[in-house]
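A short worksheet on the structure shown next.
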Amino acid sequence: MSNPTTEEKDDYSSNMDVDLVEETERKNDKEQEGVITAVQTSEEGQQQQQQQQAIVDFVEKYALTDKNMDVIRQDRISLIQKKVNKGTSLPVLKVFLRDFALDNQQPSDKELDDFARAILNDYQQNDSTERIISVDYQITNTKLSHDYDLVSFVKHVETLATEYWNDNITLNETPPYVAPYFCLIQSSGMGKTKLLYEYRKNYSHKDFESKLLLVSKVQTDPMNEKVYDAKYEALLSKDAKSKSSNLEVNRKTEAQLIFHRLDTLVNSNLKWDKKKSRFRVLLFDEAQLLLKEEFGMKAFQLCCICVWLRKMQQHKYVAVFTGTSCGLAYFDMEMDHELIPEQSSRGMGDSWVTISKGSTVFPPFVMLTTIGCQIQLKQVTTGPHSTDYDDAIIHGRPLFSIMNNHGHLEAQLPNILRRMLLLRGGENEGVNWENNLNAWFSILATRVQMGNTTIAVASDLVAKGYANLTHVSPGFAQFTYLPDPVCARLAMGMMSNGWKLGDIKGKSPSEWVGHLGQIYSSGLSLPDKGDFGEVLAALYFLLCGDILRHGFGGDLKTFSVDLDLCFALLSNGGNTGAVVVAAAAAQTPDLKRPKMDKEGKQSSKTLITLSCVQFCRNYLRSYETDWSSLGDQQFLRQLYTSGTGFFTFVGCPTIDAVFPLCIKKGTSEKYIPCLVSIKSHIHCSHEMAQELCHEMKVQAENSELQALCIVVVFGASIQSKNDESTFKKNDESVFNNDTYTLLANGKTVAVVLRIPVDDVFGISGMYQQLSSNTDLVHVYGSHSFIRAHTGKSKSVALDPKVALRASSSAGSTQTPAESLLVTLSEQLRRSSPFNCK
């Protein structure tokens, strides 16, 4: 990775997530990173010493009393130093410092600004680039790529408002919904704030007027006034006693203060243009900050807002809560009746009456079709010095594309990687992610998906990582990882033990395979198709390609690899023999440039490359019977440029995965699909493999599609030698011509790829281990059918090679499941047969 930084940084998209007030109360931290060190003689050391002295002066002037001890003094110095060390942005650092200071010793705005800039500039060597990208990054300066999501959002708001606040509603009626609100939940960088901003700006009329609010827990510098109308403070009052024994009294008292805050907000702070509008829409951005448990009540502040929304008042209010937490969709409101004040409550007036609470929650809005949307605003151009990665970024997350356009993306990669590892808010998390199985899950799923998981894990992957929510309901959530070249590139780096970004180091491929096995064996995840062989085979393809990509340099910006070299690795278990190493060294690093001959003229030799750094899930059923659409050049070019392959829909016949190939001859380029059928069988004969090849070839030709069709035999107990199906030439197959020549001449080619049982990544071994345990269960569960087959002396159904899919363990002739099957069948064969009469 080029230009890595070792500084830890706050989350760029949600820099308010960390409760900075609580952080100042942490004591006795084992790591004293901010302890003042001895005087250094170098210029850099002198700068750091000056910075540290400035921090000491600030603490002694603004954050200490006469009664403070040396331990407290040193602790507070350390906390400020850590904020600087981790690359905190200027606005966030100023927030932290203001909250850090004592109430009666607050610095002036100018003193605070001068001090914050001084210590940041000294440490960061006058780097004026913002270290943290805030939630409103470039929102006012960026055009909306399309309005599909916006139109749907408008309808969602209007449907909620009209169905809840119907013209005939009375206090004696109960609307269908719990309260007039819905949530928009999605991972960071997908354009939630941009959607709210565009709705606020363009969809105010006589019936609807909206205001955009930033939810905040701390005092902040004013955000971009063109984006937010106001800030909603998610703080309790100074007198709040949420841990007191009398929770009910304190809960109701604090709720009334929140109701008063909301009344003040809508009646005094917000300037409504259309005072007679029928509906007022409050758009709460970063609303996950309202979910904290307080006064013994989950999501206390969010519940208070929802109760207030049900209040009968002059204007009819509806709300939208956006954020990254699935908890926004279905939070506990069982106790919300305890929040409603008495009509005679002091300061509440006589008009405090609420509509009865309904029974259902209005459906969340999850449709953000923004992945790759930037391509509609910018034509992809391949310059002479651009890399595969540079061209791919525009096909991913919109925020990353915009950041890249402004030159901010590379500096934010450590933040992005920390988020991928689910690291948020902890000072020592940079070295402890290895102990979090969800972090391993996040990186693996970025590259090969992983299947279904629990709602708790799904929430973690969306809220802290970059998973995308597709559906949420009580106790259940569905998510997916959409094509994202930035995340895929970082995940690729993490799967190499020689790679490093900041203080985070990659792990060997075998370690990732081991944790993948742990995830599946523990039941943390189940593959979409119920067959983890598909996921393992896809990971095997990626890891073999990674060997070549790492050979082009440590920045991992080249996605394209030579097809012949990649398949040489695939067929040899990822072993880099002398021939493969020599061939890889001879390749031009930038495979997009045409190869030149010895005379410097453009070579006429055909070059076939693949570009696939992650597999995503394609649920479209267009490819069930007709594969012709898989040959569309624009479709394949986008897959190739973005480095994306995909798994087909569940139940898709014949093919399990697809990734793009590029055939280059001179300056001409043609894209074709590589269609993959994965067969995880204990035995796959030459005849069976060739039959599958023939079936794929015929269907491709019937669809008038040129393709490379591959039958991947994965999980075999022994390496079958009866077909010797190498990639380029195979004298025993019906295709005895050079594969490159056939593809270059527009032919469809079908080949068999047998993955060795002793691959260097340990993928085959992991499959054998997982599948053998499953097959033991299957044998036990089928014992009655085993007895039914013992009537024949030589029943084919009881042949382990036919009956089971498990693979024999290394050094053993039979798996435990095979041995059990043989033992049971022999025992049952010797027992008295069923008397059918």
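Ordering of the structure tokens sets the chain letters (A, B, ...); residue numbers start at 1 within each chain; ligands are numbered from 1 in the order shown.
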
If you count only C-alpha atoms, which residues fall within 8 Å of Val472 (chain A), apart from same-chain ones fewer than 3 positions away, as a ChimeraX atom specification?
-> /A:326,329,364,469,476-478

Mind dumping the selected residues with N, CA and C atoms as an mmCIF file, in the first residue's frame?
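And here's selection_26.cif as it stands now:
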```cif
data_model
loop_
_atom_site.group_PDB
_atom_site.id
_atom_site.type_symbol
_atom_site.label_atom_id
_atom_site.label_comp_id
_atom_site.auth_asym_id
_atom_site.auth_seq_id
_atom_site.Cartn_x
_atom_site.Cartn_y
_atom_site.Cartn_z
ATOM 1 N N CYS A 326 -28.572 -1.104 13.319
ATOM 2 C CA CYS A 326 -29.850 -1.780 13.109
ATOM 3 C C CYS A 326 -30.790 -1.564 14.293
ATOM 4 N N ALA A 329 -34.101 0.430 13.944
ATOM 5 C CA ALA A 329 -35.300 -0.104 13.312
ATOM 6 C C ALA A 329 -36.291 -0.663 14.316
ATOM 7 N N PRO A 364 -38.528 0.295 7.387
ATOM 8 C CA PRO A 364 -37.308 1.102 7.171
ATOM 9 C C PRO A 364 -37.085 1.353 5.685
ATOM 10 N N LEU A 469 -27.004 -3.146 4.485
ATOM 11 C CA LEU A 469 -28.246 -3.752 4.931
ATOM 12 C C LEU A 469 -29.204 -3.870 3.754
ATOM 13 N N PHE A 476 -34.190 -10.163 12.998
ATOM 14 C CA PHE A 476 -33.635 -10.700 11.755
ATOM 15 C C PHE A 476 -33.107 -9.569 10.889
ATOM 16 N N ALA A 477 -31.968 -9.798 10.269
ATOM 17 C CA ALA A 477 -31.403 -8.808 9.348
ATOM 18 C C ALA A 477 -30.677 -9.527 8.225
ATOM 19 N N GLN A 478 -30.775 -9.008 7.039
ATOM 20 C CA GLN A 478 -30.031 -9.520 5.896
ATOM 21 C C GLN A 478 -29.078 -8.432 5.404
#
```

Could you make a table, as a Markdown table, of the residues of region 415-515 of chain A that have an atom within 9 Å of an atom of region 620-642 of chain A, each with its nearest atom pair and distance in Å to one decimal, counting only C-alpha atoms, in chain and number order?
```
| residue | atom | partner | partner_atom | distance |
| --- | --- | --- | --- | --- |
| A:Pro483 | CA | A:Ser642 | CA | 7.5 |
| A:Asp484 | CA | A:Ser642 | CA | 7.8 |
| A:Pro485 | CA | A:Ser642 | CA | 6.3 |
```

For the residues in the current selection, export N, CA, C and O atoms as a PDB file, in the first residue's frame.
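Wrote out_35.pdb, looks like this:
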```
ATOM      1  N   PRO A 483     -19.882  -4.435  -4.451  1.00  0.00           N
ATOM      2  CA  PRO A 483     -18.546  -4.211  -5.028  1.00  0.00           C
ATOM      3  C   PRO A 483     -17.917  -2.923  -4.517  1.00  0.00           C
ATOM      4  O   PRO A 483     -18.508  -1.852  -4.629  1.00  0.00           O
ATOM      5  N   ASP A 484     -16.745  -3.042  -3.948  1.00  0.00           N
ATOM      6  CA  ASP A 484     -16.033  -1.879  -3.420  1.00  0.00           C
ATOM      7  C   ASP A 484     -14.536  -2.122  -3.575  1.00  0.00           C
ATOM      8  O   ASP A 484     -13.922  -2.784  -2.748  1.00  0.00           O
ATOM      9  N   PRO A 485     -13.941  -1.593  -4.638  1.00  0.00           N
ATOM     10  CA  PRO A 485     -12.515  -1.850  -4.900  1.00  0.00           C
ATOM     11  C   PRO A 485     -11.590  -1.372  -3.785  1.00  0.00           C
ATOM     12  O   PRO A 485     -10.540  -1.974  -3.557  1.00  0.00           O
TER      13      PRO A 485
END
```

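Running DSSP on the backbone and keeping only strand (DSSP E), the residues of region 375-552 of chain A that qualify are A:Asn452, A:Thr453, A:Asn468, A:Leu469, A:Thr470, A:His471, A:Val472, A:Ser473, A:Phe476, A:Ala477, A:Gln478, A:Phe479, A:Thr480, A:Lys500, A:Leu501, A:Ile504, A:Lys505, A:Ser525, A:Leu526.
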
Using only C-alpha atoms, find each residue in region 743-793 of chain A having at least one atom no more than 10 Å away from region 534-551 of chain A; report its shortest atom-to-atom pair and that distance in Å (one decimal), rows by chain then rising number, as JSON lines.
```
{"residue": "A:Ile755", "atom": "CA", "partner": "A:Ala537", "partner_atom": "CA", "distance": 8.6}
{"residue": "A:Asp759", "atom": "CA", "partner": "A:Tyr540", "partner_atom": "CA", "distance": 9.1}
{"residue": "A:Val760", "atom": "CA", "partner": "A:Cys544", "partner_atom": "CA", "distance": 9.8}
{"residue": "A:Phe761", "atom": "CA", "partner": "A:Tyr540", "partner_atom": "CA", "distance": 7.9}
{"residue": "A:Gly762", "atom": "CA", "partner": "A:Tyr540", "partner_atom": "CA", "distance": 9.6}
{"residue": "A:Ile763", "atom": "CA", "partner": "A:Leu536", "partner_atom": "CA", "distance": 6.6}
{"residue": "A:Ser764", "atom": "CA", "partner": "A:Leu536", "partner_atom": "CA", "distance": 8.3}
{"residue": "A:Met766", "atom": "CA", "partner": "A:Leu536", "partner_atom": "CA", "distance": 8.7}
{"residue": "A:Tyr767", "atom": "CA", "partner": "A:Leu536", "partner_atom": "CA", "distance": 7.6}
```

Which residue, A:His408, A:His395, A:His260, A:Lys274, has the smallest gap to Leu377 (chain A) when you use only C-alpha atoms?
-> A:His395

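Among A:Met688, A:Val757, A:Leu798, A:Ala255, the residue with the shortest atom-to-atom distance to Leu339 (chain A), counting only C-alpha atoms, is A:Ala255.
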
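The coordinates place CA of Trp308 (chain A) at 6.4 Å from CA of Phe259 (chain A).
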
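Going from CA of Cys183 (chain A) to CA of Ser473 (chain A) covers 12.0 Å.
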